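A.B. asks: Please see the structure below; I have some questions.
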Amino acid sequence: MDTLSGSAIPGGYGIRPPLVFCIDDPCMLARAIARELGIGLAEREYRRFEDGEHKMRPLESVRDRDLYLIAPMHGNGCESVNDRIMRLLFFIRCLRDADAGRVTVVAPYLAYARKDRRTKLRDPLSLRYLATLLEASGMDRILSLDVHNSSGFDNAFRCPTVHLGAGHLLADALLPFLDRERPPVVLSPDIGGVKRAEAFRSTLSGKLSAEAGLGFMEKYRSEDVLSGGTLVGDVDGRTVVIVDDLIAGGGTISRAVETCHDQGAARILACVTHRVPGKATPKLPFPKLEKLFVTSTIPWPDDTGESERIEVVPVEPLLAAAIATLSKSGTLNALVQT
């Protein structure tokens, strides 16, 4: 059993600050967000039983309160994605039964977001099914960061959605490694990510005060087999910044790195938002990649021996700012950006 204790009410929220609950265990991301907000995590009890069942309940009144559930949805070796989703669904319903005022799920990485459309006959629409379950449990709103397809995200949910971008954070971390006299080429490793790459290129160009280039690669995937390798764009002698929403097995970025190197790229960097645990080792399998920038939505193991090539960009301040703004019914215009 684990009990998390709250702390003193900070200024700026009045007498009823938002209640932030941790769904994960341990909950380093939630603790960091709470610190940014200047509050402690709301008290809750979590128990896991011998047969795999679980129980989570709030240890303080949630009646008519504004609640934010920090809900990591990646598997971590001990718990699967589905274990975590089931725990979240039960806790949302428990809070609703306790007369919670408003329940916002904060999912830095949103599971099943990659399956938002049918690509084959009778394919499932997994993201829509997840949305239906969360809404049926009593969720009022969901906040996520760099989902695979923002349009698919908005269309899957019937409740209000908040989509934040990590592009500005990643661009700021990238700037010291770039030369304004020779702007980089921003490359999408597949055609589907061109819109994301163009938004990042625009952000980066503004910060550099110089126009970055744009390119993309051809990619097809069928039954987890990748094909296609045509690169559109001029990378010869240039610094290339590969941009993607996530890295799992590493195959997509590895192909892009090899192709850029073969076509004469001088340096190759990569920026991704989510490092999704998968079948591949978290070590970087592509030595020609100079550096990988990845956000803190999912922890990167400390024992990979790759610390010099990986820079973790914290997203806790961004998520905390969004929660603080929502809790005060403010506008998110300054935060909802790529």
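How things are named: the first chain in the structure tokens is A, the next is B, and so on; residues count from 1 in each chain; ligands count from 1 in the order shown.
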Tell me which protein, DNA and RNA residues are within 12 Å of Gln263 in chain A, counting only C-alpha atoms, leaving out same-chain ones fewer than 5 positions away, and put them as a PyMOL selection string.
C.D. replies: chain A and resi 229-240+256-258+268
A.B. asks: May I have the residues from that selection written out with N, CA and C atoms, as a PDB file, in the first residue's frame?
C.D. replies:
ATOM      1  N   GLY A 229      12.631   4.092 -49.448  1.00  0.00           N
ATOM      2  CA  GLY A 229      13.803   4.786 -48.922  1.00  0.00           C
ATOM      3  C   GLY A 229      14.178   6.038 -49.680  1.00  0.00           C
ATOM      4  N   THR A 230      13.257   6.544 -50.519  1.00  0.00           N
ATOM      5  CA  THR A 230      13.552   7.749 -51.290  1.00  0.00           C
ATOM      6  C   THR A 230      13.560   8.977 -50.385  1.00  0.00           C
ATOM      7  N   LEU A 231      14.581   9.801 -50.502  1.00  0.00           N
ATOM      8  CA  LEU A 231      14.675  11.030 -49.722  1.00  0.00           C
ATOM      9  C   LEU A 231      14.415  12.213 -50.641  1.00  0.00           C
ATOM     10  N   VAL A 232      13.466  13.046 -50.266  1.00  0.00           N
ATOM     11  CA  VAL A 232      13.144  14.256 -51.021  1.00  0.00           C
ATOM     12  C   VAL A 232      13.702  15.451 -50.257  1.00  0.00           C
ATOM     13  N   GLY A 233      14.656  16.150 -50.869  1.00  0.00           N
ATOM     14  CA  GLY A 233      15.297  17.280 -50.209  1.00  0.00           C
ATOM     15  C   GLY A 233      16.809  17.180 -50.355  1.00  0.00           C
ATOM     16  N   ASP A 234      17.476  18.306 -50.227  1.00  0.00           N
ATOM     17  CA  ASP A 234      18.933  18.370 -50.387  1.00  0.00           C
ATOM     18  C   ASP A 234      19.609  18.389 -49.018  1.00  0.00           C
ATOM     19  N   VAL A 235      20.331  17.324 -48.683  1.00  0.00           N
ATOM     20  CA  VAL A 235      21.009  17.244 -47.389  1.00  0.00           C
ATOM     21  C   VAL A 235      22.522  17.231 -47.532  1.00  0.00           C
ATOM     22  N   ASP A 236      23.029  17.286 -48.746  1.00  0.00           N
ATOM     23  CA  ASP A 236      24.469  17.187 -48.980  1.00  0.00           C
ATOM     24  C   ASP A 236      25.205  18.344 -48.295  1.00  0.00           C
ATOM     25  N   GLY A 237      26.134  17.996 -47.375  1.00  0.00           N
ATOM     26  CA  GLY A 237      26.915  18.989 -46.676  1.00  0.00           C
ATOM     27  C   GLY A 237      26.160  19.765 -45.610  1.00  0.00           C
ATOM     28  N   ARG A 238      24.941  19.372 -45.312  1.00  0.00           N
ATOM     29  CA  ARG A 238      24.095  20.113 -44.371  1.00  0.00           C
ATOM     30  C   ARG A 238      23.958  19.371 -43.040  1.00  0.00           C
ATOM     31  N   THR A 239      23.599  20.110 -42.013  1.00  0.00           N
ATOM     32  CA  THR A 239      23.181  19.509 -40.750  1.00  0.00           C
ATOM     33  C   THR A 239      21.717  19.120 -40.891  1.00  0.00           C
ATOM     34  N   VAL A 240      21.407  17.867 -40.599  1.00  0.00           N
ATOM     35  CA  VAL A 240      20.035  17.370 -40.724  1.00  0.00           C
ATOM     36  C   VAL A 240      19.449  17.146 -39.335  1.00  0.00           C
ATOM     37  N   ALA A 256      16.386   6.603 -41.713  1.00  0.00           N
ATOM     38  CA  ALA A 256      16.588   8.002 -42.078  1.00  0.00           C
ATOM     39  C   ALA A 256      18.039   8.422 -41.870  1.00  0.00           C
ATOM     40  N   VAL A 257      18.642   7.987 -40.772  1.00  0.00           N
ATOM     41  CA  VAL A 257      20.040   8.324 -40.492  1.00  0.00           C
ATOM     42  C   VAL A 257      20.948   7.760 -41.574  1.00  0.00           C
ATOM     43  N   GLU A 258      20.755   6.510 -41.912  1.00  0.00           N
ATOM     44  CA  GLU A 258      21.604   5.871 -42.926  1.00  0.00           C
ATOM     45  C   GLU A 258      21.455   6.554 -44.277  1.00  0.00           C
ATOM     46  N   ILE A 268      24.091  14.736 -38.266  1.00  0.00           N
ATOM     47  CA  ILE A 268      22.717  14.255 -38.156  1.00  0.00           C
ATOM     48  C   ILE A 268      22.304  14.279 -36.694  1.00  0.00           C
TER      49      ILE A 268
END
A.B. asks: List every residue of range 119-169 of chain A that has an atom at most 9 Å from any atom of range 309-318 of chain A, giving for each one its closest atom pair and the distance in Å to one decimal, counting only C-alpha atoms, sorted by chain and then by ascending residue number, as a tab-separated table.
C.D. replies:
residue	atom	partner	partner_atom	distance
A:Leu164	CA	A:Leu318	CA	8.5
A:Ala166	CA	A:Val315	CA	7.5
A:Leu169	CA	A:Val313	CA	7.0
A.B. asks: DSSP on the backbone, helix (DSSP H, G or I) only: what residues of range 125-244 of chain A does that give? Format it as JSON, numbers by chain.
C.D. replies: {"A": [126, 127, 128, 129, 130, 131, 132, 133, 134, 135, 136, 137, 150, 151, 152, 153, 154, 155, 156, 167, 168, 169, 170, 171, 172, 173, 174, 175, 176, 177, 191, 192, 193, 194, 195, 196, 197, 198, 199, 200, 201, 202, 203, 204, 205, 206, 207, 208]}
A.B. asks: Residues as selected, N, CA and C atoms, written as a tab-separated table (two decimals), in the first residue's frame, can you do that?
C.D. replies:
chain	number	residue	atom	x	y	z
A	126	SER	N	-8.59	1.85	-32.54
A	126	SER	CA	-8.27	1.66	-31.13
A	126	SER	C	-8.32	2.96	-30.33
A	127	LEU	N	-7.89	4.07	-30.91
A	127	LEU	CA	-7.92	5.33	-30.19
A	127	LEU	C	-9.36	5.73	-29.87
A	128	ARG	N	-10.26	5.52	-30.81
A	128	ARG	CA	-11.67	5.87	-30.56
A	128	ARG	C	-12.25	4.98	-29.47
A	129	TYR	N	-11.86	3.71	-29.44
A	129	TYR	CA	-12.37	2.81	-28.40
A	129	TYR	C	-11.86	3.24	-27.02
A	130	LEU	N	-10.59	3.64	-26.96
A	130	LEU	CA	-10.04	4.13	-25.69
A	130	LEU	C	-10.78	5.38	-25.24
A	131	ALA	N	-11.05	6.28	-26.18
A	131	ALA	CA	-11.78	7.50	-25.85
A	131	ALA	C	-13.16	7.18	-25.29
A	132	THR	N	-13.83	6.21	-25.89
A	132	THR	CA	-15.17	5.83	-25.43
A	132	THR	C	-15.12	5.30	-24.01
A	133	LEU	N	-14.11	4.49	-23.68
A	133	LEU	CA	-13.98	3.94	-22.34
A	133	LEU	C	-13.72	5.05	-21.31
A	134	LEU	N	-12.81	5.97	-21.64
A	134	LEU	CA	-12.49	7.05	-20.70
A	134	LEU	C	-13.70	7.95	-20.46
A	135	GLU	N	-14.41	8.27	-21.51
A	135	GLU	CA	-15.58	9.12	-21.36
A	135	GLU	C	-16.70	8.42	-20.61
A	136	ALA	N	-16.87	7.13	-20.87
A	136	ALA	CA	-17.90	6.37	-20.16
A	136	ALA	C	-17.60	6.27	-18.67
A	137	SER	N	-16.31	6.30	-18.31
A	137	SER	CA	-15.94	6.24	-16.89
A	137	SER	C	-16.19	7.55	-16.17
A	150	SER	N	-2.99	14.87	-34.51
A	150	SER	CA	-3.84	15.76	-33.71
A	150	SER	C	-5.28	15.75	-34.19
A	151	SER	N	-5.51	15.60	-35.50
A	151	SER	CA	-6.88	15.55	-36.00
A	151	SER	C	-7.57	14.27	-35.55
A	152	GLY	N	-6.85	13.15	-35.59
A	152	GLY	CA	-7.41	11.89	-35.11
A	152	GLY	C	-7.71	11.94	-33.62
A	153	PHE	N	-6.87	12.63	-32.87
A	153	PHE	CA	-7.08	12.82	-31.44
A	153	PHE	C	-8.35	13.61	-31.18
A	154	ASP	N	-8.52	14.73	-31.86
A	154	ASP	CA	-9.71	15.55	-31.67
A	154	ASP	C	-10.98	14.80	-32.07
A	155	ASN	N	-10.91	14.05	-33.15
A	155	ASN	CA	-12.10	13.35	-33.65
A	155	ASN	C	-12.47	12.13	-32.82
A	156	ALA	N	-11.50	11.54	-32.12
A	156	ALA	CA	-11.78	10.33	-31.34
A	156	ALA	C	-12.59	10.65	-30.10
A	167	GLY	N	7.46	21.14	-29.54
A	167	GLY	CA	8.40	21.64	-30.54
A	167	GLY	C	9.26	22.79	-30.05
A	168	HIS	N	8.66	23.73	-29.32
A	168	HIS	CA	9.43	24.88	-28.83
A	168	HIS	C	10.48	24.43	-27.81
A	169	LEU	N	10.12	23.47	-26.97
A	169	LEU	CA	11.08	22.97	-25.98
A	169	LEU	C	12.25	22.28	-26.66
A	170	LEU	N	11.95	21.43	-27.64
A	170	LEU	CA	13.00	20.71	-28.35
A	170	LEU	C	13.87	21.66	-29.16
A	171	ALA	N	13.25	22.66	-29.78
A	171	ALA	CA	14.02	23.62	-30.58
A	171	ALA	C	14.98	24.41	-29.69
A	172	ASP	N	14.53	24.81	-28.51
A	172	ASP	CA	15.41	25.54	-27.60
A	172	ASP	C	16.62	24.69	-27.20
A	173	ALA	N	16.39	23.40	-26.96
A	173	ALA	CA	17.49	22.52	-26.58
A	173	ALA	C	18.45	22.30	-27.74
A	174	LEU	N	17.92	22.37	-28.95
A	174	LEU	CA	18.71	22.09	-30.15
A	174	LEU	C	19.60	23.27	-30.57
A	175	LEU	N	19.18	24.49	-30.25
A	175	LEU	CA	19.83	25.70	-30.77
A	175	LEU	C	21.35	25.73	-30.57
A	176	PRO	N	21.88	25.36	-29.38
A	176	PRO	CA	23.34	25.45	-29.20
A	176	PRO	C	24.13	24.56	-30.13
A	177	PHE	N	23.47	23.61	-30.79
A	177	PHE	CA	24.18	22.67	-31.65
A	177	PHE	C	24.08	23.05	-33.13
A	191	ILE	N	6.34	10.29	-44.90
A	191	ILE	CA	5.49	11.30	-45.52
A	191	ILE	C	4.42	11.79	-44.55
A	192	GLY	N	3.91	10.90	-43.70
A	192	GLY	CA	2.85	11.27	-42.77
A	192	GLY	C	3.27	12.31	-41.76
A	193	GLY	N	4.57	12.48	-41.55
A	193	GLY	CA	5.04	13.44	-40.56
A	193	GLY	C	5.47	14.78	-41.13
A	194	VAL	N	5.17	15.02	-42.42
A	194	VAL	CA	5.63	16.25	-43.07
A	194	VAL	C	5.04	17.48	-42.40
A	195	LYS	N	3.76	17.42	-42.04
A	195	LYS	CA	3.13	18.57	-41.40
A	195	LYS	C	3.81	18.89	-40.07
A	196	ARG	N	4.15	17.85	-39.31
A	196	ARG	CA	4.85	18.03	-38.04
A	196	ARG	C	6.24	18.65	-38.28
A	197	ALA	N	6.94	18.13	-39.29
A	197	ALA	CA	8.28	18.64	-39.60
A	197	ALA	C	8.23	20.09	-40.06
A	198	GLU	N	7.20	20.44	-40.84
A	198	GLU	CA	7.08	21.82	-41.31
A	198	GLU	C	6.82	22.78	-40.15
A	199	ALA	N	5.98	22.35	-39.19
A	199	ALA	CA	5.73	23.19	-38.01
A	199	ALA	C	7.02	23.37	-37.21
A	200	PHE	N	7.80	22.29	-37.07
A	200	PHE	CA	9.06	22.39	-36.33
A	200	PHE	C	10.05	23.26	-37.10
A	201	ARG	N	10.08	23.11	-38.42
A	201	ARG	CA	10.97	23.95	-39.24
A	201	ARG	C	10.65	25.43	-39.05
A	202	SER	N	9.36	25.77	-39.03
A	202	SER	CA	8.95	27.15	-38.83
A	202	SER	C	9.39	27.67	-37.46
A	203	THR	N	9.18	26.85	-36.44
A	203	THR	CA	9.59	27.23	-35.07
A	203	THR	C	11.10	27.43	-35.00
A	204	LEU	N	11.85	26.49	-35.56
A	204	LEU	CA	13.30	26.55	-35.51
A	204	LEU	C	13.84	27.75	-36.29
A	205	SER	N	13.24	28.02	-37.45
A	205	SER	CA	13.67	29.16	-38.26
A	205	SER	C	13.49	30.47	-37.51
A	206	GLY	N	12.37	30.58	-36.78
A	206	GLY	CA	12.13	31.79	-36.00
A	206	GLY	C	13.16	31.98	-34.91
A	207	LYS	N	13.53	30.88	-34.25
A	207	LYS	CA	14.51	30.98	-33.17
A	207	LYS	C	15.92	31.22	-33.71
A	208	LEU	N	16.21	30.72	-34.91
A	208	LEU	CA	17.53	30.91	-35.51
A	208	LEU	C	17.67	32.24	-36.24
A.B. asks: Give me every strand (DSSP E or B) residue in range 129-322 of chain A, going by DSSP on the backbone, as JSON, numbers by chain.
C.D. replies: {"A": [141, 142, 143, 144, 145, 161, 162, 163, 164, 185, 186, 187, 188, 213, 214, 215, 216, 217, 220, 221, 222, 225, 226, 227, 231, 232, 239, 240, 241, 242, 243, 244, 245, 246, 247, 267, 268, 269, 270, 271, 272, 273, 274, 275, 291, 292, 293, 294, 295, 310, 311, 312, 313]}
A.B. asks: I'd like the contact shell of range 56-68 of chain A - 10 Å cut-off, only C-alpha atoms, skipping same-chain residues fewer than 4 positions apart - returned as JSON, numbers by chain.
C.D. replies: {"A": [1, 2, 3, 4, 5, 6, 16, 17, 18, 19, 20, 21, 22, 23, 42, 43, 44, 45, 46, 47, 48, 87, 88, 90, 91, 92, 94, 95, 96, 97, 98, 99, 100, 101, 102, 103, 104, 105, 106, 140, 141, 142, 143, 323, 326, 327, 328]}
A.B. asks: Would you mind exporting C-alpha atoms of the selected residues as a CSV table (one decimal), in the first residue's frame?
C.D. replies:
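Final file, out08.csv:
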chain,number,residue,atom,x,y,z
A,1,MET,CA,0.0,0.0,0.0
A,2,ASP,CA,1.3,3.5,-0.9
A,3,THR,CA,-0.1,6.7,0.5
A,4,LEU,CA,0.9,10.1,-0.9
A,5,SER,CA,0.5,13.2,1.2
A,6,GLY,CA,-0.4,16.7,0.2
A,16,ARG,CA,-9.5,25.6,-3.5
A,17,PRO,CA,-6.4,24.8,-5.6
A,18,PRO,CA,-6.6,21.9,-8.1
A,19,LEU,CA,-6.1,18.4,-6.8
A,20,VAL,CA,-3.4,16.5,-8.7
A,21,PHE,CA,-3.4,12.7,-8.4
A,22,CYS,CA,-0.7,10.3,-9.4
A,23,ILE,CA,-1.9,7.2,-11.3
A,42,ALA,CA,-3.4,14.7,-3.4
A,43,GLU,CA,-3.6,11.8,-1.0
A,44,ARG,CA,-4.6,8.4,-2.3
A,45,GLU,CA,-4.3,4.8,-1.4
A,46,TYR,CA,-3.2,2.2,-3.9
A,47,ARG,CA,-3.2,-1.6,-3.3
A,48,ARG,CA,-2.3,-4.4,-5.7
A,87,ARG,CA,-6.4,1.3,-13.2
A,88,LEU,CA,-7.1,4.8,-14.6
A,90,PHE,CA,-11.5,2.4,-12.3
A,91,PHE,CA,-10.1,5.5,-10.5
A,92,ILE,CA,-12.0,7.9,-12.7
A,94,CYS,CA,-14.3,6.0,-8.2
A,95,LEU,CA,-13.8,9.8,-8.2
A,96,ARG,CA,-17.1,10.3,-9.9
A,97,ASP,CA,-18.9,8.2,-7.3
A,98,ALA,CA,-17.3,10.5,-4.7
A,99,ASP,CA,-18.9,13.6,-6.4
A,100,ALA,CA,-15.8,15.0,-8.1
A,101,GLY,CA,-16.5,18.3,-9.8
A,102,ARG,CA,-14.4,17.9,-12.9
A,103,VAL,CA,-11.9,15.2,-13.9
A,104,THR,CA,-9.1,16.0,-16.4
A,105,VAL,CA,-6.8,13.2,-17.5
A,106,VAL,CA,-3.3,14.3,-18.2
A,140,ASP,CA,-14.5,15.5,-18.5
A,141,ARG,CA,-11.4,16.4,-20.5
A,142,ILE,CA,-8.1,15.0,-21.7
A,143,LEU,CA,-4.7,16.8,-22.1
A,323,ILE,CA,-2.9,22.6,-15.5
A,326,LEU,CA,-7.1,25.3,-16.9
A,327,SER,CA,-7.7,25.4,-13.2
A,328,LYS,CA,-8.1,29.2,-13.3
A.B. asks: Nearest to Cys271 in chain A among A:Glu36, A:Asp245, A:Asp25, A:Glu53, with distances taken over only C-alpha atoms: which residue is it?
C.D. replies: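 Closest to Cys271 in chain A, using only C-alpha atoms: A:Asp245.
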A.B. asks: My list of candidates is A:Asp179, A:Leu214, A:Ala322, A:Tyr109. Which is closest to Arg267 in chain A when distances are computed with only C-alpha atoms?
C.D. replies: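 Smallest separation from Arg267 in chain A among the options: A:Asp179.
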A.B. asks: State, in Å with one decimal place, the distance from CA of Thr325 in chain A to CA of Pro108 in chain A.
C.D. replies: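 Computed distance, CA of Thr325 in chain A to CA of Pro108 in chain A, equals 16.7 Å.
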